[in-house]
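**Student:** If you scroll down you'll find the structure; I have some questions about it.
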Amino acid sequence: MKGTKIIFKGKLISLFEQKKRLSNGHIVNLEIVKHPGAALIIPFLDKNRIILLRQYRPVIDSYIYELPAGTLKKGESPISCARREIIEETGYSAKRFTKLGEIFPAPGYTTERITIYKAEGLTKRECLAEKDEIIQTFIFNKPRIKKLFKAKKIIDAKTISGLCLCGWL
């Protein structure tokens, strides 16, 4: 990118500074976090039950309820990422994935795009959680999900978006 300066380059993200002229002529200095993108999966055991994770997030030093999700590896498509992540995080594989949509969780400063899938036809497999993930799986029905949300126990933005897209919130 012309007029772009790299500030930081890590394993997962990079931070760039860029001057950009807006459509109104105003010039702004942007700080942009480049992110490879991610996939989020809503794993349906049947039409009335889904799998939700309780995951420790060290950045916020807290356990939160989330749907399974993961970052795209270099050259990986969102659907391939979804197929990999559902096994890693839930111990289930899925026969069918339906794309429900895409979200930009923080478009003010990051390029991250999350593709959201509904997963059905689940088959139990060996859980392949990564060593840096502390995850518990839970099975919830729609009323329980709504109760958790109303009690402010579901606070993860990508999870809220996914649950809305599948009609559970």
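Residues are named by chain letter and number: chains run A, B, ... in the order of the structure tokens, numbers start at 1 in each chain, and ligands are numbered from 1 in the order shown.
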Got a sec: who's within 8 Å of A:Gly37, counting only C-alpha atoms, leaving out chain neighbours fewer than 3 positions off, as a list of chain:residue names?
**Tutor:**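 Returned residues: A:Thr71, A:Leu72, A:Pro78, A:Thr111, A:Glu112, A:Arg113, A:Ile114.
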**Student:** For the selection just defined, write its residues with C-alpha atoms to a file, as a PDB file, in the first residue's frame.
**Tutor:**
```pdb
ATOM      1  CA  THR A  71      -8.235 -17.789  12.796  1.00  0.00           C
ATOM      2  CA  LEU A  72      -7.549 -18.701   9.183  1.00  0.00           C
ATOM      3  CA  PRO A  78     -13.031 -19.926   5.790  1.00  0.00           C
ATOM      4  CA  THR A 111      -9.460  -5.781   8.683  1.00  0.00           C
ATOM      5  CA  GLU A 112     -10.683  -8.937  10.468  1.00  0.00           C
ATOM      6  CA  ARG A 113     -13.642 -10.577   8.709  1.00  0.00           C
ATOM      7  CA  ILE A 114     -15.403 -13.493  10.403  1.00  0.00           C
TER       8      ILE A 114
END
```
**Student:** Pick out the residues sitting within 9 Å of stretch 43-52 of chain A, and hand them over as a VMD selection string; count only C-alpha atoms, and ignore anything fewer than 2 positions along from it in its own chain.
**Tutor:** chain A and resid 41 54 65 to 68 86 90 92 94 117 to 123 136 to 142
**Student:** Hey, can you spit out that residue selection with N, CA, C and O atoms as an mmCIF file, in the first residue's frame?
**Tutor:**
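Result went into part_23.cif, see below:
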```
data_model
loop_
_atom_site.group_PDB
_atom_site.id
_atom_site.type_symbol
_atom_site.label_atom_id
_atom_site.label_comp_id
_atom_site.auth_asym_id
_atom_site.auth_seq_id
_atom_site.Cartn_x
_atom_site.Cartn_y
_atom_site.Cartn_z
ATOM 1 N N ILE A 41 -18.394 -21.118 14.069
ATOM 2 C CA ILE A 41 -19.281 -22.235 13.794
ATOM 3 C C ILE A 41 -20.361 -22.316 14.860
ATOM 4 O O ILE A 41 -20.081 -22.212 16.056
ATOM 5 N N ARG A 54 -17.065 -22.760 26.978
ATOM 6 C CA ARG A 54 -16.653 -21.841 28.045
ATOM 7 C C ARG A 54 -15.139 -21.838 27.944
ATOM 8 O O ARG A 54 -14.489 -22.857 28.196
ATOM 9 N N TYR A 65 -18.423 -17.475 27.621
ATOM 10 C CA TYR A 65 -19.132 -18.406 26.742
ATOM 11 C C TYR A 65 -18.962 -17.938 25.307
ATOM 12 O O TYR A 65 -19.126 -16.755 25.011
ATOM 13 N N GLU A 66 -18.646 -18.895 24.441
ATOM 14 C CA GLU A 66 -18.420 -18.582 23.035
ATOM 15 C C GLU A 66 -18.860 -19.742 22.158
ATOM 16 O O GLU A 66 -18.871 -20.890 22.598
ATOM 17 N N LEU A 67 -19.120 -19.422 20.909
ATOM 18 C CA LEU A 67 -19.242 -20.448 19.887
ATOM 19 C C LEU A 67 -17.835 -20.774 19.408
ATOM 20 O O LEU A 67 -16.941 -19.922 19.483
ATOM 21 N N PRO A 68 -17.603 -21.989 18.907
ATOM 22 C CA PRO A 68 -16.270 -22.315 18.401
ATOM 23 C C PRO A 68 -15.889 -21.418 17.226
ATOM 24 O O PRO A 68 -16.722 -21.108 16.371
ATOM 25 N N ILE A 86 -14.055 -26.849 14.346
ATOM 26 C CA ILE A 86 -15.126 -27.554 15.056
ATOM 27 C C ILE A 86 -14.583 -28.817 15.714
ATOM 28 O O ILE A 86 -14.937 -29.144 16.844
ATOM 29 N N THR A 90 -14.549 -28.688 19.742
ATOM 30 C CA THR A 90 -15.714 -29.389 20.291
ATOM 31 C C THR A 90 -15.554 -30.901 20.325
ATOM 32 O O THR A 90 -16.268 -31.575 21.059
ATOM 33 N N TYR A 92 -16.231 -32.678 17.666
ATOM 34 C CA TYR A 92 -17.232 -33.145 16.699
ATOM 35 C C TYR A 92 -16.817 -32.709 15.294
ATOM 36 O O TYR A 92 -16.225 -31.644 15.126
ATOM 37 N N ALA A 94 -18.654 -32.226 11.296
ATOM 38 C CA ALA A 94 -19.991 -31.941 10.767
ATOM 39 C C ALA A 94 -20.092 -32.390 9.314
ATOM 40 O O ALA A 94 -19.136 -32.260 8.555
ATOM 41 N N TYR A 117 -20.814 -19.902 10.076
ATOM 42 C CA TYR A 117 -21.418 -21.110 9.519
ATOM 43 C C TYR A 117 -22.300 -21.812 10.545
ATOM 44 O O TYR A 117 -21.967 -21.871 11.725
ATOM 45 N N LYS A 118 -23.388 -22.385 10.047
ATOM 46 C CA LYS A 118 -24.202 -23.327 10.815
ATOM 47 C C LYS A 118 -23.674 -24.710 10.464
ATOM 48 O O LYS A 118 -23.506 -25.025 9.283
ATOM 49 N N ALA A 119 -23.389 -25.545 11.471
ATOM 50 C CA ALA A 119 -22.882 -26.898 11.248
ATOM 51 C C ALA A 119 -23.923 -27.905 11.730
ATOM 52 O O ALA A 119 -24.432 -27.787 12.853
ATOM 53 N N GLU A 120 -24.221 -28.878 10.878
ATOM 54 C CA GLU A 120 -25.220 -29.895 11.207
ATOM 55 C C GLU A 120 -24.677 -31.279 10.851
ATOM 56 O O GLU A 120 -23.698 -31.404 10.133
ATOM 57 N N GLY A 121 -25.376 -32.305 11.335
ATOM 58 C CA GLY A 121 -24.938 -33.676 11.092
ATOM 59 C C GLY A 121 -23.650 -33.984 11.832
ATOM 60 O O GLY A 121 -22.694 -34.488 11.259
ATOM 61 N N LEU A 122 -23.636 -33.662 13.118
ATOM 62 C CA LEU A 122 -22.417 -33.809 13.908
ATOM 63 C C LEU A 122 -22.130 -35.266 14.264
ATOM 64 O O LEU A 122 -23.041 -36.033 14.547
ATOM 65 N N THR A 123 -20.854 -35.600 14.249
ATOM 66 C CA THR A 123 -20.365 -36.919 14.644
ATOM 67 C C THR A 123 -19.256 -36.723 15.664
ATOM 68 O O THR A 123 -18.339 -35.940 15.436
ATOM 69 N N GLN A 136 -14.059 -25.758 27.871
ATOM 70 C CA GLN A 136 -15.053 -26.739 28.306
ATOM 71 C C GLN A 136 -16.211 -26.640 27.323
ATOM 72 O O GLN A 136 -16.561 -25.532 26.893
ATOM 73 N N THR A 137 -16.808 -27.778 26.972
ATOM 74 C CA THR A 137 -17.963 -27.753 26.077
ATOM 75 C C THR A 137 -19.241 -27.983 26.868
ATOM 76 O O THR A 137 -19.255 -28.745 27.841
ATOM 77 N N PHE A 138 -20.298 -27.303 26.430
ATOM 78 C CA PHE A 138 -21.615 -27.428 27.043
ATOM 79 C C PHE A 138 -22.655 -27.555 25.945
ATOM 80 O O PHE A 138 -22.495 -26.992 24.860
ATOM 81 N N ILE A 139 -23.720 -28.264 26.253
ATOM 82 C CA ILE A 139 -24.845 -28.384 25.323
ATOM 83 C C ILE A 139 -26.006 -27.586 25.908
ATOM 84 O O ILE A 139 -26.374 -27.776 27.071
ATOM 85 N N PHE A 140 -26.524 -26.660 25.086
ATOM 86 C CA PHE A 140 -27.615 -25.797 25.541
ATOM 87 C C PHE A 140 -28.765 -25.813 24.539
ATOM 88 O O PHE A 140 -28.549 -25.940 23.335
ATOM 89 N N ASN A 141 -29.972 -25.617 25.066
ATOM 90 C CA ASN A 141 -31.128 -25.408 24.195
ATOM 91 C C ASN A 141 -31.383 -23.901 24.073
ATOM 92 O O ASN A 141 -30.734 -23.091 24.748
ATOM 93 N N LYS A 142 -32.297 -23.541 23.202
ATOM 94 C CA LYS A 142 -32.566 -22.124 22.920
ATOM 95 C C LYS A 142 -33.011 -21.341 24.162
ATOM 96 O O LYS A 142 -32.479 -20.244 24.406
#
```
**Student:** I'd like the contact shell of stretch 153-162 of chain A - 9 Å cut-off, only C-alpha atoms, skipping same-chain residues fewer than 2 positions apart - returned as a PyMOL selection string.
**Tutor:** chain A and resi 40-42+64-69+100-101+103+105+114+116-118+145+147-151+164-169
**Student:** Residues of chain A in alpha helix (DSSP H) according to DSSP, as a PyMOL selection string?
**Tutor:** chain A and resi 78-90+142-150+157-165
**Student:** Per DSSP on the backbone, filter stretch 96-147 of chain A down to the residues in strand (DSSP E) and report them as an MDAnalysis selection string.
**Tutor:** chainID A and resid 96:103 114:124 135:141
**Student:** Please determine, counting only C-alpha atoms, which residue among A:Arg144, A:Lys95, A:His35, A:Lys124 has the shortest atom-to-atom distance to A:Lys11.
**Tutor:**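 Ranked by minimum distance to A:Lys11, first place goes to A:His35.
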**Student:** Using only C-alpha atoms for the distances, tell me which of A:Leu163, A:Val33, A:Leu53, A:Leu15 is nearest to A:Glu133.
**Tutor:**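 Closest to A:Glu133, using only C-alpha atoms: A:Leu53.
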**Student:** Which residues come within 10 Å of stretch 23-31 of chain A, counting only C-alpha atoms, excluding same-chain residues fewer than 2 positions away, as a list in words?
**Tutor:**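 These residues fall inside the cut-off: Thr4, Lys5, Ile6, Ile7, Leu15, Phe16, Glu17, Gln18, Lys19, Lys20, Arg21, Val33, Lys34, Gly108, Tyr109 and Thr110 of chain A.
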**Student:** Limited to N, CA and C atoms, could you put the picked residues into a file as a PDB file, in the first residue's frame?
**Tutor:**
```
ATOM      1  N   THR A   4       1.939   3.618   3.301  1.00  0.00           N
ATOM      2  CA  THR A   4       1.724   2.741   4.440  1.00  0.00           C
ATOM      3  C   THR A   4       3.053   2.421   5.113  1.00  0.00           C
ATOM      4  N   LYS A   5       3.051   2.484   6.440  1.00  0.00           N
ATOM      5  CA  LYS A   5       4.253   2.203   7.218  1.00  0.00           C
ATOM      6  C   LYS A   5       3.927   1.076   8.200  1.00  0.00           C
ATOM      7  N   ILE A   6       4.766   0.040   8.212  1.00  0.00           N
ATOM      8  CA  ILE A   6       4.556  -1.052   9.148  1.00  0.00           C
ATOM      9  C   ILE A   6       5.111  -0.655  10.516  1.00  0.00           C
ATOM     10  N   ILE A   7       4.303  -0.854  11.544  1.00  0.00           N
ATOM     11  CA  ILE A   7       4.672  -0.529  12.922  1.00  0.00           C
ATOM     12  C   ILE A   7       5.095  -1.803  13.661  1.00  0.00           C
ATOM     13  N   LEU A  15       0.434  -4.381  12.486  1.00  0.00           N
ATOM     14  CA  LEU A  15      -0.089  -3.037  12.683  1.00  0.00           C
ATOM     15  C   LEU A  15       0.577  -2.107  11.680  1.00  0.00           C
ATOM     16  N   PHE A  16      -0.257  -1.402  10.927  1.00  0.00           N
ATOM     17  CA  PHE A  16       0.217  -0.464   9.915  1.00  0.00           C
ATOM     18  C   PHE A  16      -0.306   0.926  10.231  1.00  0.00           C
ATOM     19  N   GLU A  17       0.448   1.921   9.772  1.00  0.00           N
ATOM     20  CA  GLU A  17      -0.008   3.308   9.806  1.00  0.00           C
ATOM     21  C   GLU A  17      -0.169   3.730   8.355  1.00  0.00           C
ATOM     22  N   GLN A  18      -1.289   4.359   8.045  1.00  0.00           N
ATOM     23  CA  GLN A  18      -1.562   4.733   6.654  1.00  0.00           C
ATOM     24  C   GLN A  18      -2.283   6.079   6.602  1.00  0.00           C
ATOM     25  N   LYS A  19      -1.842   6.935   5.662  1.00  0.00           N
ATOM     26  CA  LYS A  19      -2.568   8.179   5.376  1.00  0.00           C
ATOM     27  C   LYS A  19      -3.585   7.857   4.307  1.00  0.00           C
ATOM     28  N   LYS A  20      -4.802   8.360   4.492  1.00  0.00           N
ATOM     29  CA  LYS A  20      -5.863   8.086   3.529  1.00  0.00           C
ATOM     30  C   LYS A  20      -6.730   9.327   3.348  1.00  0.00           C
ATOM     31  N   ARG A  21      -7.037   9.609   2.088  1.00  0.00           N
ATOM     32  CA  ARG A  21      -7.951  10.709   1.783  1.00  0.00           C
ATOM     33  C   ARG A  21      -9.365  10.145   1.742  1.00  0.00           C
ATOM     34  N   VAL A  33      -4.954  -2.651  12.039  1.00  0.00           N
ATOM     35  CA  VAL A  33      -4.535  -3.991  12.424  1.00  0.00           C
ATOM     36  C   VAL A  33      -4.944  -4.934  11.298  1.00  0.00           C
ATOM     37  N   LYS A  34      -3.959  -5.502  10.616  1.00  0.00           N
ATOM     38  CA  LYS A  34      -4.220  -6.480   9.550  1.00  0.00           C
ATOM     39  C   LYS A  34      -4.405  -7.844  10.211  1.00  0.00           C
ATOM     40  N   GLY A 108     -13.387  -0.223  12.747  1.00  0.00           N
ATOM     41  CA  GLY A 108     -12.726   1.057  12.970  1.00  0.00           C
ATOM     42  C   GLY A 108     -11.209   0.951  12.983  1.00  0.00           C
ATOM     43  N   TYR A 109     -10.695  -0.271  13.229  1.00  0.00           N
ATOM     44  CA  TYR A 109      -9.239  -0.394  13.305  1.00  0.00           C
ATOM     45  C   TYR A 109      -8.672  -1.720  12.799  1.00  0.00           C
ATOM     46  N   THR A 110      -9.525  -2.701  12.459  1.00  0.00           N
ATOM     47  CA  THR A 110      -8.983  -3.974  12.000  1.00  0.00           C
ATOM     48  C   THR A 110      -9.680  -4.465  10.733  1.00  0.00           C
TER      49      THR A 110
END
```
**Student:** Could you state the separation of atom CA of A:Lys99 and atom CA of A:Ile87 in Å, given to one decimal place?
**Tutor:**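 Taking atom CA of A:Lys99 as the start and atom CA of A:Ile87 as the end point, the length is 17.6 Å.
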